[in-house]
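Below: one structure, written as structure tokens.
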Amino acid sequence: MPKECVWPANCSRSCGAPAQQGRLCGEHLQRVQAMVGTLDCAWPGCTRRAWDRTGTCSFHRLVGWGLISE
């Protein structure tokens, strides 16, 4: 079964586009990749730090891979 992108489109729903990798669509995966190497989490509104510099904090990395829901 195809998965949908879990990136928040607004406060009440997620993007819903077909997921490319994990639970993120290509556009949102690119946003995360653009943050690789920084301490900032790419997830909208997140103030947590991405200590391992992977583009998202540890919590949103799990959400993006579909291992937990937000």
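Letters for chains follow the order of the structure tokens (A, B, ...), residue numbers begin at 1 for each chain, and ligand numbers begin at 1 in the order shown.
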
Identify, on the basis of only C-alpha atoms, every residue whose closest approach to segment 51-65 of chain A does not exceed 10 Å; exclude the query and any residue fewer than 2 positions from it along the same chain; express the result as a PyMOL selection string. chain A and resi 5-7+19+21-25+28-43+46-49+67-70

Go through chain A and collect every residue that DSSP, computed from the backbone, puts in alpha helix (DSSP H); the answer should be as a list of chain:residue names. A:Gly26, A:Glu27, A:His28, A:Leu29, A:Gln30, A:Arg31, A:Val32, A:Gln33, A:Ala34, A:Met35, A:Ser58, A:Phe59, A:His60, A:Arg61, A:Leu62, A:Val63, A:Gly64

Using backbone DSSP assignments, extract all strand (DSSP E or B) residues from chain A; output them as an NGL selection string. :A and (4 or 8 or 14 or 18 or 21 or 24 or 40 or 49)

Saved selection, atoms kept: N, CA, C and O atoms, as a compact mmCIF listing (two decimals), in the first residue's frame:
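Saved file selection.txt follows:
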# COMPACT_ATOMS: atom_id res chain seq x y z
N GLU A 4 1.60 8.06 2.22
CA GLU A 4 1.49 9.49 1.91
C GLU A 4 2.48 10.29 2.75
O GLU A 4 2.86 9.88 3.84
N PRO A 8 3.55 18.48 7.52
CA PRO A 8 2.34 19.26 7.76
C PRO A 8 2.10 20.33 6.70
O PRO A 8 2.95 21.19 6.47
N SER A 14 -1.86 16.89 6.77
CA SER A 14 -0.51 16.72 6.23
C SER A 14 -0.53 16.87 4.72
O SER A 14 -1.58 16.95 4.09
N PRO A 18 2.31 11.43 -2.61
CA PRO A 18 2.95 10.11 -2.50
C PRO A 18 4.36 10.23 -1.92
O PRO A 18 5.14 11.09 -2.33
N GLN A 21 10.54 8.56 -0.03
CA GLN A 21 11.47 7.87 0.86
C GLN A 21 10.92 7.99 2.26
O GLN A 21 10.62 9.09 2.72
N LEU A 24 8.09 10.84 3.41
CA LEU A 24 8.20 12.19 2.86
C LEU A 24 8.16 12.15 1.34
O LEU A 24 8.76 11.28 0.71
N ASP A 40 19.76 22.96 12.76
CA ASP A 40 18.34 23.27 12.73
C ASP A 40 17.53 22.10 12.19
O ASP A 40 17.96 21.40 11.27
N ARG A 49 16.91 20.81 18.26
CA ARG A 49 18.17 20.82 17.52
C ARG A 49 18.40 19.47 16.83
O ARG A 49 18.02 18.43 17.35
